[in-house]
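Single-structure report; data block below.
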Amino acid sequence: MTAWLQLACLWLLAALIMSLGWLWQRKHGNAGIVDVLWAAGAGSGAVLLALIGAGAASSRLTLAILGGLWGVRLAAHLWKRVRGEPEDGRYQHLRTHWHGSQSRFFLFFQFQALLIVLFSLPFLAVARNPRGFSPWLLVGIAIWLLSVIGESIADHQLARFRADPAHRGQTCREGLWRYSRHPNYFFEWIHWFAYVGLAIGSPIAWLAWAGPLVMYVFLRWISGIPYTETQALRSRGDDYRAYQRSTSMLIPWFPKRSDP
């Protein structure tokens with residue numbers, strides 16, 4: 001099966017998943033399900049491409065395990081938020097801005113299906129890697145472990161902070177959040193370098209760089225940090241402005257002294 005046909009199969013699957021997700025949000029009034037389905041869809045993409053890839057068994061097995069576990073963990077974490085909290089402020093803002101237009105939400109969900117295919121390009125490169133066990137395989141696994149553990153810790157710290165009613169309207173500055181305004185995004189970005197290591201030796205290894213490069217662009221300028229910080233400023237105002245002045249945006253670093 002050619003690479004184009006593999007990606008086409010993945011896109012059809014992702015489009016179906018996102019169509020069902022659009023119907024779910026239409027019934028429940030919560031577009032946050034799109035994040036859950038994106039994570040689940042991308043993880044499924046890693047498993048699917050590993051199953052139908054033509055690379056070495058060790059490369060494909062590692063891809064299926066790492067990509068699948070990453071998708072399950074992230075989707076489960078996001079589902080807890082969607083199920084237990086009101087619709088995320090970012091999607092509430094879109095709902096207001098689009099005057100509740102379901103056609104626009106449908107296109108938005110289908111755009112996420114295309115993004116699943118885009119972010120599966122690194123998986124395609126790994127699944128076609130003919131090289132079996134190598135030191136780069138261990139490097140990729142090490143990066144994956146570091147990133148997933150780091151993101152899990154950041155998510156747990158934020159969830160614990162938000163669960164305390166006394167913290168309503170305040171900004172989390174505990175643990176990793178003292179050193180970065182978005183440590184979860186930072187480790188999510190680092191995660192995509194794992195597949196660069198796993199793809200070394202593949203005839204299309206260069207495609208693996210699409211993961212960290214495109215993820216950084218989205219997090220830094222498109223759908224990650226800009227939307228999250230705009231919502232944080234709306235909900236937390238001056239407290240978040242002080243946090244912006246004192247704390248590194250993405251890459252963890254020691255905080256500056258806050259202004260009085």
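Labels used: A, B, ... for chains in the order of the structure tokens, numbers from 1 for residues in each chain, and numbers from 1 for ligands as shown.
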Requested in this report: Compile the contact shell of segment 182-185 of chain A as a PyMOL selection string: residues with an atom at most 10 Å away, counting only C-alpha atoms, same-chain residues fewer than 3 positions apart removed.
Outcome: chain A and resi 147-148+150-156+158+175-179+188-191+215-216+219-220+224-225+228-229+247-252
Report task. Find the spatial neighbours of segment 128-133 of chain A, counting only C-alpha atoms, within a cut-off of 12 Å - ignore same-chain residues fewer than 2 positions away - and output them as a PyMOL selection string. Result -> chain A and resi 1-3+6+49-63+121-126+135-141+195-208
Query raised in the report: Using only C-alpha atoms, which of the listed residues (A:Gly45, A:Gly89, A:Gly237, A:Pro165) sits closest to Gly67 of chain A?
Result: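 The shortest atom-to-atom distance to Gly67 of chain A comes from A:Gly45.
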Report task. Would you kindly return, as a list in words, each protein, DNA or RNA residue with an atom no farther than 7 Å from any atom of segment 28-43 of chain A, considering only C-alpha atoms and excluding same-chain residues fewer than 5 positions away? Result ->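 That gives Ala14, Met18, Gly21, Gly67, Gly68, Trp70, Gly71, Val72, Leu74, Ala75, Leu78, Trp79, Val82, Glu87, Asp88, Tyr91, Phe109, Gln112, Ile116 and Ser120 of chain A.
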Report task. Fewer than 6 positions away in the same chain doesn't count, so skip those; otherwise give me all residues within 12 Å of His167 of chain A, counting only C-alpha atoms, as a PyMOL selection string. Result -> chain A and resi 158-161+173-174+236+239
Go ahead and save the picked residues with N, CA and C atoms, as a PDB file, in the first residue's frame.
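Full text of selection12.pdb as output:
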```
ATOM      1  N   LEU A 158      -1.976  20.989  37.654  1.00  0.00           N
ATOM      2  CA  LEU A 158      -3.008  21.966  37.312  1.00  0.00           C
ATOM      3  C   LEU A 158      -4.383  21.485  37.754  1.00  0.00           C
ATOM      4  N   ALA A 159      -4.673  20.207  37.539  1.00  0.00           N
ATOM      5  CA  ALA A 159      -5.979  19.668  37.939  1.00  0.00           C
ATOM      6  C   ALA A 159      -6.169  19.767  39.446  1.00  0.00           C
ATOM      7  N   ARG A 160      -5.128  19.486  40.205  1.00  0.00           N
ATOM      8  CA  ARG A 160      -5.208  19.581  41.670  1.00  0.00           C
ATOM      9  C   ARG A 160      -5.443  21.018  42.110  1.00  0.00           C
ATOM     10  N   PHE A 161      -4.780  21.961  41.455  1.00  0.00           N
ATOM     11  CA  PHE A 161      -4.954  23.373  41.786  1.00  0.00           C
ATOM     12  C   PHE A 161      -6.370  23.838  41.477  1.00  0.00           C
ATOM     13  N   ARG A 173       0.649  28.540  40.120  1.00  0.00           N
ATOM     14  CA  ARG A 173       2.092  28.783  40.113  1.00  0.00           C
ATOM     15  C   ARG A 173       2.817  27.669  40.858  1.00  0.00           C
ATOM     16  N   GLU A 174       2.186  26.509  40.954  1.00  0.00           N
ATOM     17  CA  GLU A 174       2.752  25.408  41.715  1.00  0.00           C
ATOM     18  C   GLU A 174       3.532  24.458  40.807  1.00  0.00           C
ATOM     19  N   ARG A 236      -8.907  35.867  34.438  1.00  0.00           N
ATOM     20  CA  ARG A 236      -8.078  36.120  35.621  1.00  0.00           C
ATOM     21  C   ARG A 236      -7.429  37.494  35.636  1.00  0.00           C
ATOM     22  N   ASP A 239      -4.086  39.208  37.695  1.00  0.00           N
ATOM     23  CA  ASP A 239      -3.300  38.113  38.255  1.00  0.00           C
ATOM     24  C   ASP A 239      -2.544  37.390  37.149  1.00  0.00           C
TER      25      ASP A 239
END
```
Query raised in the report: Expressed in Å to a single decimal, how great is the separation between atom CA of Leu48 of chain A and atom CA of Leu10 of chain A?
Result: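 Taking atom CA of Leu48 of chain A and atom CA of Leu10 of chain A, their separation equals 7.8 Å.
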Query - Nearest candidate to Trp253 of chain A (options A:Leu115, A:Ile17, A:Arg26, A:Arg181; using only C-alpha atoms) - result: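 So, comparing all the options, the nearest one is A:Arg181.
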Report task. State, in Å with one decimal place, the distance from atom CA of Ala194 of chain A to atom CA of Ala142 of chain A. Result -> 7.7 Å
